[in-house]
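S.K.: Just passing along the structure, written as structure tokens.
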Amino acid sequence: MRPLRACLGAAAAVTLAAAGTTALVASSASGATTALSNRWYAAAPYLMPLDNNPPDAAAIMDATGLKAFQLAFVLAPNGGGCSPTWGGTSAVSSDTAVQSVINTIRAKGGDVSVSIGGYGGTKLGQTCADAASTAAAYQQVITKYGLHAIDFDLEEPEYENTAAIRNEIGAAKILQQNNPGLYVSVTTAGTADGTGWFGKQMLLEAKSQGFTPNNFSIMPFDGGFSGAASQTSALTNFNSILQSTFGWDQATAYAHEGFSGMNGRSDTGEYFTQADFQTVLDYATSHNMDRFTFWSLNRDRQCTPVDNNGTTSGTCSSVAQGAWDFAKYSVKFAGVTPPTTTPTPTPTPTPTPTSCKTAWSATAVYTAGNEVSYNSHNWKAKWWTQNEVPGASEWGPWQDEGAC
């Protein structure tokens with residue numbers, strides 16, 4: 001399973017830059033900042049900000065173009081109770097360390113989502129009395145950090161507890177209702193069949209409560225997987241589960257489906273390389289999936305020796321790689337081209353004006369190769385996109401084909 005996902009401890013050793021203590025963006029007293037597009041929250045890789053030798057988020061942003069981070073994990077206090085903590089030891093209410101990391105990210109134009117749960121530890125759904133009190137605990141996190149996104153990582157041992165899952169799903173629904181526009185992902189274990197019995201029971205609980213998040217994501221690793229083909233097969237099977245559970249057609253199910261991988265060597269000795277990530281990324285974008293993320297940025301660097309003596313590490317990947325290679329796939333999913341060391345300016349196209357294509361629509365879904373017209377120019381989609389104005393971003397999803 002995922003023991004490395006549960007090692008956020010009290011003795012976290014992290015050096016926080018003093019420059020990160022003040023956000024250089026417009027913010028409210030709660031720390032809220034302007035939201036990114038949902039696509040960025042859907043692409044945010046997991047980062048443990050207080051343990052597993054946390055990398056410098058600002059350096060990752062500069063090197064890759066990444067804008068969003070999935071901070072992990074919020075749990076119940078180790079001694080019991082219904083108040084949010086980082087890793088069961090550090091109260092959210094008095095936190096300054098994670099807030100400093102968030103401020104640094106936001107000062108550079110990025111943002112964060114916070115993940116609750118994970119593998120191991122005691123979850124708030126287990127200790128709070130009901131869905132309302134569970135939601136109140138999570139609302140403290142949203143308010144404290146001014147969040148626009150939150151992730152419910154529902155797995156062992158919590159998802160084997162029916163009452164706890166009822167509390168978590170009920171809390172997610174309450175938060176979704178009380179925080180308009182909040183991006184909500186639900187992450188659970190993956191199996192060759194898509195997800196296991198407890199994962200299916202969680203989906204049925206969501207159906208019974210009338211709760212639909214932005215996506216349900218599975219983690220196809222630590223379950224006998226071998227490379228990308230086994231992962232895409234599991235995603236296909238999970239799509240069928242979503243269809244049968246919620247009565248969705250295939251396209252709707254994919255639009256509510258996500259992938260959460262593990263870069264490099266998994267806890268059980270499986271290996272997932274950059275090529276595997278590219279294959280799954282192609283699958284996710286071609287099927288218009290809603291989320292593509294991985295565990296974790298703390299591991300997105302090469303071990304010494306490369307294979308880490310045949311063991312799995314929380315601080316490196318155990319495969320040959322450059323620093324932050326796997327983060328670049330998240331950037332691609334978000335629809336932004338990573339910067340290069342020596343960028344080559346793109347020449348301004350000067351074609352002869354032609355007839356205009358069908359006008360761009362904010363509600364339509366476009367895939368690679370689709371053509372539209374906007375502002376007297378024709379544009380060609382470079383990848384999946386919706387409600388992204390042609391020409392609004394230099395690194396956006398639209399290629400200018402010239403005047404029409």
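Letters A, B, ... go to the chains of the structure tokens in the order shown; residues in each chain start at 1; ligands are counted from 1 in the same order.
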Write down as a compact mmCIF listing (two decimals) with N, CA, C and O atoms, in the first residue's frame the residues belonging to stretch 102-264 of chain A that are assigned alpha helix (DSSP H) by DSSP computed on the backbone.
M.R.:
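The file below, part-v5.txt, is the result:
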```txt
# COMPACT_ATOMS: atom_id res chain seq x y z
N ILE A 102 2.61 28.30 1.39
CA ILE A 102 1.51 28.76 0.53
C ILE A 102 1.76 30.19 0.06
O ILE A 102 1.55 30.53 -1.12
N ASN A 103 2.20 31.04 0.97
CA ASN A 103 2.46 32.43 0.59
C ASN A 103 3.53 32.53 -0.49
O ASN A 103 3.42 33.35 -1.40
N THR A 104 4.56 31.71 -0.36
CA THR A 104 5.63 31.71 -1.37
C THR A 104 5.09 31.31 -2.74
O THR A 104 5.41 31.94 -3.75
N ILE A 105 4.26 30.27 -2.77
CA ILE A 105 3.67 29.81 -4.03
C ILE A 105 2.77 30.89 -4.62
O ILE A 105 2.83 31.18 -5.82
N ARG A 106 1.94 31.49 -3.79
CA ARG A 106 1.01 32.50 -4.30
C ARG A 106 1.74 33.78 -4.74
O ARG A 106 1.30 34.45 -5.68
N ALA A 107 2.85 34.08 -4.10
CA ALA A 107 3.62 35.26 -4.49
C ALA A 107 4.16 35.13 -5.91
O ALA A 107 4.43 36.13 -6.57
N LEU A 124 -10.42 12.68 10.12
CA LEU A 124 -11.49 13.42 10.81
C LEU A 124 -12.84 12.74 10.66
O LEU A 124 -13.68 12.82 11.55
N GLY A 125 -13.05 12.06 9.55
CA GLY A 125 -14.31 11.34 9.38
C GLY A 125 -14.50 10.23 10.40
O GLY A 125 -15.61 9.81 10.69
N GLN A 126 -13.38 9.76 10.97
CA GLN A 126 -13.44 8.72 11.98
C GLN A 126 -13.70 9.27 13.38
O GLN A 126 -14.25 8.57 14.23
N THR A 127 -13.27 10.51 13.62
CA THR A 127 -13.34 11.05 14.99
C THR A 127 -14.46 12.08 15.17
O THR A 127 -14.90 12.29 16.31
N ALA A 131 -21.45 14.28 9.70
CA ALA A 131 -20.98 14.99 8.51
C ALA A 131 -20.83 16.49 8.77
O ALA A 131 -19.88 17.12 8.31
N ALA A 132 -21.77 17.06 9.53
CA ALA A 132 -21.74 18.51 9.78
C ALA A 132 -20.50 18.92 10.57
O ALA A 132 -19.83 19.91 10.24
N SER A 133 -20.15 18.15 11.60
CA SER A 133 -18.97 18.49 12.39
C SER A 133 -17.68 18.21 11.61
O SER A 133 -16.68 18.92 11.75
N THR A 134 -17.72 17.18 10.76
CA THR A 134 -16.56 16.91 9.89
C THR A 134 -16.37 18.06 8.93
O THR A 134 -15.24 18.54 8.73
N ALA A 135 -17.45 18.53 8.34
CA ALA A 135 -17.38 19.66 7.41
C ALA A 135 -16.88 20.92 8.12
O ALA A 135 -16.10 21.70 7.56
N ALA A 136 -17.32 21.13 9.35
CA ALA A 136 -16.89 22.31 10.11
C ALA A 136 -15.38 22.28 10.34
O ALA A 136 -14.72 23.33 10.29
N ALA A 137 -14.84 21.10 10.58
CA ALA A 137 -13.39 20.98 10.77
C ALA A 137 -12.65 21.33 9.48
O ALA A 137 -11.66 22.07 9.49
N TYR A 138 -13.15 20.82 8.36
CA TYR A 138 -12.50 21.12 7.08
C TYR A 138 -12.70 22.58 6.68
O TYR A 138 -11.85 23.16 6.01
N GLN A 139 -13.83 23.15 7.07
CA GLN A 139 -14.07 24.56 6.75
C GLN A 139 -13.01 25.45 7.41
O GLN A 139 -12.62 26.48 6.85
N GLN A 140 -12.52 25.04 8.58
CA GLN A 140 -11.44 25.78 9.22
C GLN A 140 -10.21 25.84 8.32
O GLN A 140 -9.53 26.87 8.24
N VAL A 141 -9.92 24.73 7.62
CA VAL A 141 -8.77 24.67 6.72
C VAL A 141 -9.00 25.58 5.52
O VAL A 141 -8.11 26.35 5.12
N ILE A 142 -10.20 25.50 4.94
CA ILE A 142 -10.53 26.33 3.77
C ILE A 142 -10.43 27.81 4.12
O ILE A 142 -9.85 28.61 3.37
N THR A 143 -10.96 28.17 5.28
CA THR A 143 -10.96 29.57 5.70
C THR A 143 -9.56 30.05 6.05
O THR A 143 -9.14 31.14 5.66
N LYS A 144 -8.82 29.22 6.77
CA LYS A 144 -7.46 29.57 7.19
C LYS A 144 -6.57 29.92 6.00
O LYS A 144 -5.84 30.91 6.01
N TYR A 145 -6.65 29.08 4.96
CA TYR A 145 -5.74 29.24 3.83
C TYR A 145 -6.39 29.85 2.59
O TYR A 145 -5.73 29.99 1.56
N THR A 162 -17.71 2.34 7.38
CA THR A 162 -18.90 2.88 6.71
C THR A 162 -19.30 4.23 7.28
O THR A 162 -19.61 5.17 6.52
N ALA A 163 -19.29 4.37 8.60
CA ALA A 163 -19.71 5.63 9.22
C ALA A 163 -18.74 6.75 8.87
O ALA A 163 -19.14 7.89 8.62
N ALA A 164 -17.44 6.44 8.85
CA ALA A 164 -16.44 7.45 8.52
C ALA A 164 -16.60 7.94 7.09
O ALA A 164 -16.54 9.16 6.82
N ILE A 165 -16.85 7.03 6.17
CA ILE A 165 -17.02 7.44 4.77
C ILE A 165 -18.30 8.23 4.60
O ILE A 165 -18.36 9.20 3.82
N ARG A 166 -19.34 7.87 5.36
CA ARG A 166 -20.57 8.67 5.32
C ARG A 166 -20.28 10.10 5.78
O ARG A 166 -20.78 11.07 5.19
N ASN A 167 -19.48 10.23 6.82
CA ASN A 167 -19.11 11.57 7.30
C ASN A 167 -18.29 12.34 6.27
O ASN A 167 -18.52 13.53 6.05
N GLU A 168 -17.34 11.67 5.63
CA GLU A 168 -16.47 12.34 4.67
C GLU A 168 -17.25 12.79 3.43
O GLU A 168 -17.11 13.94 2.98
N ILE A 169 -18.06 11.91 2.90
CA ILE A 169 -18.84 12.27 1.71
C ILE A 169 -19.85 13.36 2.06
O ILE A 169 -20.04 14.32 1.30
N GLY A 170 -20.48 13.23 3.22
CA GLY A 170 -21.42 14.27 3.64
C GLY A 170 -20.73 15.60 3.83
O GLY A 170 -21.26 16.66 3.46
N ALA A 171 -19.51 15.57 4.40
CA ALA A 171 -18.75 16.80 4.59
C ALA A 171 -18.38 17.42 3.24
O ALA A 171 -18.45 18.64 3.06
N ALA A 172 -17.96 16.59 2.30
CA ALA A 172 -17.60 17.09 0.97
C ALA A 172 -18.78 17.79 0.31
O ALA A 172 -18.63 18.85 -0.31
N LYS A 173 -19.97 17.20 0.47
CA LYS A 173 -21.16 17.81 -0.12
C LYS A 173 -21.46 19.16 0.53
O LYS A 173 -21.79 20.15 -0.14
N ILE A 174 -21.34 19.23 1.86
CA ILE A 174 -21.60 20.49 2.58
C ILE A 174 -20.60 21.56 2.15
O ILE A 174 -20.97 22.72 1.90
N LEU A 175 -19.33 21.20 2.06
CA LEU A 175 -18.31 22.17 1.66
C LEU A 175 -18.55 22.66 0.24
O LEU A 175 -18.37 23.85 -0.07
N GLN A 176 -18.94 21.77 -0.62
CA GLN A 176 -19.24 22.13 -2.01
C GLN A 176 -20.39 23.14 -2.07
O GLN A 176 -20.34 24.11 -2.84
N GLN A 177 -21.39 22.93 -1.23
CA GLN A 177 -22.55 23.83 -1.21
C GLN A 177 -22.21 25.18 -0.57
O GLN A 177 -22.69 26.22 -1.03
N ASN A 178 -21.38 25.16 0.47
CA ASN A 178 -21.10 26.38 1.24
C ASN A 178 -19.95 27.21 0.69
O ASN A 178 -19.72 28.34 1.15
N TRP A 197 -13.78 -3.27 -3.67
CA TRP A 197 -15.12 -3.28 -3.08
C TRP A 197 -15.37 -2.03 -2.24
O TRP A 197 -16.44 -1.42 -2.34
N PHE A 198 -14.40 -1.63 -1.44
CA PHE A 198 -14.61 -0.46 -0.59
C PHE A 198 -14.70 0.82 -1.42
O PHE A 198 -15.44 1.74 -1.09
N GLY A 199 -13.92 0.88 -2.50
CA GLY A 199 -14.03 2.03 -3.39
C GLY A 199 -15.41 2.11 -4.02
O GLY A 199 -15.99 3.20 -4.15
N LYS A 200 -15.95 0.97 -4.40
CA LYS A 200 -17.29 0.94 -4.99
C LYS A 200 -18.35 1.33 -3.97
O LYS A 200 -19.33 2.01 -4.29
N GLN A 201 -18.15 0.91 -2.72
CA GLN A 201 -19.10 1.30 -1.66
C GLN A 201 -19.05 2.81 -1.44
O GLN A 201 -20.07 3.45 -1.17
N MET A 202 -17.86 3.40 -1.55
CA MET A 202 -17.73 4.85 -1.41
C MET A 202 -18.51 5.56 -2.52
O MET A 202 -19.21 6.56 -2.27
N LEU A 203 -18.43 5.05 -3.74
CA LEU A 203 -19.17 5.64 -4.86
C LEU A 203 -20.67 5.54 -4.62
O LEU A 203 -21.43 6.48 -4.90
N LEU A 204 -21.10 4.41 -4.09
CA LEU A 204 -22.53 4.24 -3.81
C LEU A 204 -22.99 5.19 -2.71
O LEU A 204 -24.11 5.70 -2.74
N GLU A 205 -22.12 5.46 -1.73
CA GLU A 205 -22.44 6.42 -0.68
C GLU A 205 -22.61 7.82 -1.29
O GLU A 205 -23.53 8.56 -0.94
N ALA A 206 -21.72 8.17 -2.20
CA ALA A 206 -21.82 9.46 -2.88
C ALA A 206 -23.13 9.55 -3.66
O ALA A 206 -23.82 10.58 -3.64
N LYS A 207 -23.48 8.48 -4.34
CA LYS A 207 -24.74 8.47 -5.10
C LYS A 207 -25.93 8.63 -4.18
O LYS A 207 -26.86 9.40 -4.46
N SER A 208 -25.91 7.93 -3.04
CA SER A 208 -27.06 7.99 -2.13
C SER A 208 -27.23 9.37 -1.53
O SER A 208 -28.34 9.78 -1.21
N GLN A 209 -26.12 10.11 -1.38
CA GLN A 209 -26.20 11.46 -0.82
C GLN A 209 -26.38 12.53 -1.90
O GLN A 209 -26.49 13.72 -1.58
N GLY A 227 3.58 -0.91 -15.33
CA GLY A 227 3.65 0.06 -16.41
C GLY A 227 2.33 0.65 -16.81
O GLY A 227 1.27 0.37 -16.23
N ALA A 228 2.38 1.46 -17.87
CA ALA A 228 1.24 2.28 -18.26
C ALA A 228 0.06 1.47 -18.78
O ALA A 228 -1.10 1.84 -18.56
N ALA A 229 0.32 0.37 -19.50
CA ALA A 229 -0.78 -0.39 -20.09
C ALA A 229 -1.74 -0.90 -19.01
O ALA A 229 -2.96 -0.87 -19.18
N SER A 230 -1.18 -1.36 -17.89
CA SER A 230 -2.04 -1.84 -16.80
C SER A 230 -2.81 -0.69 -16.17
O SER A 230 -3.94 -0.87 -15.70
N GLN A 231 -2.22 0.50 -16.17
CA GLN A 231 -2.90 1.66 -15.58
C GLN A 231 -4.04 2.16 -16.46
O GLN A 231 -5.13 2.46 -15.97
N THR A 232 -3.80 2.25 -17.76
CA THR A 232 -4.88 2.70 -18.65
C THR A 232 -6.01 1.68 -18.69
O THR A 232 -7.18 2.05 -18.83
N SER A 233 -5.67 0.40 -18.56
CA SER A 233 -6.72 -0.62 -18.49
C SER A 233 -7.58 -0.42 -17.25
O SER A 233 -8.82 -0.52 -17.32
N ALA A 234 -6.95 -0.11 -16.13
CA ALA A 234 -7.71 0.14 -14.90
C ALA A 234 -8.58 1.38 -15.03
O ALA A 234 -9.72 1.41 -14.55
N LEU A 235 -8.07 2.41 -15.70
CA LEU A 235 -8.86 3.63 -15.91
C LEU A 235 -10.07 3.35 -16.80
O LEU A 235 -11.16 3.89 -16.58
N THR A 236 -9.89 2.51 -17.81
CA THR A 236 -11.02 2.12 -18.66
C THR A 236 -12.06 1.37 -17.84
O THR A 236 -13.28 1.63 -17.96
N ASN A 237 -11.62 0.46 -17.00
CA ASN A 237 -12.55 -0.30 -16.16
C ASN A 237 -13.24 0.60 -15.14
O ASN A 237 -14.44 0.42 -14.86
N PHE A 238 -12.50 1.56 -14.60
CA PHE A 238 -13.10 2.48 -13.63
C PHE A 238 -14.15 3.35 -14.31
O PHE A 238 -15.18 3.67 -13.70
N ASN A 239 -13.93 3.69 -15.56
CA ASN A 239 -14.93 4.46 -16.30
C ASN A 239 -16.24 3.69 -16.38
O ASN A 239 -17.33 4.27 -16.21
N SER A 240 -16.15 2.39 -16.60
CA SER A 240 -17.36 1.56 -16.66
C SER A 240 -18.07 1.53 -15.31
O SER A 240 -19.31 1.54 -15.23
N ILE A 241 -17.29 1.52 -14.22
CA ILE A 241 -17.89 1.54 -12.88
C ILE A 241 -18.64 2.85 -12.66
O ILE A 241 -19.75 2.87 -12.12
N LEU A 242 -18.03 3.97 -13.06
CA LEU A 242 -18.71 5.26 -12.92
C LEU A 242 -19.99 5.30 -13.73
O LEU A 242 -21.02 5.83 -13.28
N GLN A 243 -19.95 4.74 -14.93
CA GLN A 243 -21.16 4.71 -15.76
C GLN A 243 -22.28 3.92 -15.08
O GLN A 243 -23.42 4.40 -14.99
N SER A 244 -21.94 2.74 -14.61
CA SER A 244 -22.98 1.88 -14.04
C SER A 244 -23.48 2.41 -12.70
O SER A 244 -24.65 2.23 -12.35
N THR A 245 -22.61 3.07 -11.93
CA THR A 245 -23.01 3.58 -10.61
C THR A 245 -23.90 4.80 -10.73
O THR A 245 -24.94 4.89 -10.07
N PHE A 246 -23.52 5.74 -11.59
CA PHE A 246 -24.23 7.03 -11.64
C PHE A 246 -25.15 7.18 -12.85
O PHE A 246 -25.84 8.19 -12.97
N GLN A 250 -20.44 7.37 -21.35
CA GLN A 250 -18.99 7.23 -21.26
C GLN A 250 -18.28 8.57 -21.17
O GLN A 250 -17.37 8.77 -20.35
N ALA A 251 -18.69 9.53 -22.00
CA ALA A 251 -18.02 10.84 -22.01
C ALA A 251 -18.20 11.56 -20.68
O ALA A 251 -17.26 12.18 -20.17
N THR A 252 -19.40 11.48 -20.11
CA THR A 252 -19.65 12.13 -18.82
C THR A 252 -18.81 11.48 -17.73
O THR A 252 -18.27 12.17 -16.85
N ALA A 253 -18.70 10.17 -17.79
CA ALA A 253 -17.89 9.46 -16.80
C ALA A 253 -16.42 9.89 -16.89
O ALA A 253 -15.76 10.14 -15.87
N TYR A 254 -15.89 9.98 -18.10
CA TYR A 254 -14.49 10.42 -18.25
C TYR A 254 -14.32 11.86 -17.76
O TYR A 254 -13.28 12.21 -17.20
N ALA A 255 -15.32 12.69 -17.97
CA ALA A 255 -15.24 14.09 -17.52
C ALA A 255 -15.25 14.21 -16.00
O ALA A 255 -14.94 15.27 -15.46
```
S.K.: As a ChimeraX atom specification, please: every residue in stretch 156-311 of chain A that DSSP puts in strand (DSSP E).
M.R.: /A:183-189,215-219,257-262,264-265,271-272,291-295
S.K.: Pick the closest to A:Ala149 from A:Cys82, A:Gly194, A:Thr34, A:Ala97: which is it, counting only C-alpha atoms?
M.R.: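 For A:Ala149, the nearest of the candidates is A:Thr34.
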S.K.: Pick from A:Thr279, A:Ser115, A:Ser185, A:Ser83: nearest to A:Thr212, with only C-alpha atoms counted?
M.R.: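 The closest residue to A:Thr212 is A:Ser185.
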S.K.: Give me, as an MDAnalysis selection string, all polymer residues having an atom no more than 9 Å from A:Tyr366, counting only C-alpha atoms and skipping those fewer than 3 positions away in the same chain.
M.R.: chainID A and resid 369:371 381 383:386
S.K.: With only C-alpha atoms as the basis for distance, which of A:Gly121, A:Gly65, A:Gly110, A:Gly310 is at the shortest distance from A:Gly79?
M.R.: A:Gly121
S.K.: Would you mind telling me which residue in A:Ala368, A:Ala63, A:Ala189, A:Val319 lies nearest to A:Lys382 when using only C-alpha atoms?
M.R.: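 Smallest distance to A:Lys382 is found for A:Ala368.
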S.K.: If you count only C-alpha atoms, which residues fall within 6 Å of A:Ala76, apart from same-chain ones fewer than 6 positions away, as an MDAnalysis selection string?
M.R.: chainID A and resid 84:85 88 122:124
S.K.: Using only C-alpha atoms, which protein or nucleic acid residues come within 9 Å of A:Tyr271? Drop anything in the same chain fewer than 6 positions from it, and give the result as a list in words.
M.R.: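 Contacts, in chain order: Phe225, Ser226, Gly227, Met262, Asn263, Gly264, Arg265, Ser318 and Val319 of chain A.
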S.K.: Could you check the closest approach to A:Ile218 for each of A:Phe152, A:Trp379, A:Trp86, A:Trp360 and tell me which residue wins, using only C-alpha atoms?
M.R.: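 The answer is A:Phe152, which sits nearest to A:Ile218.
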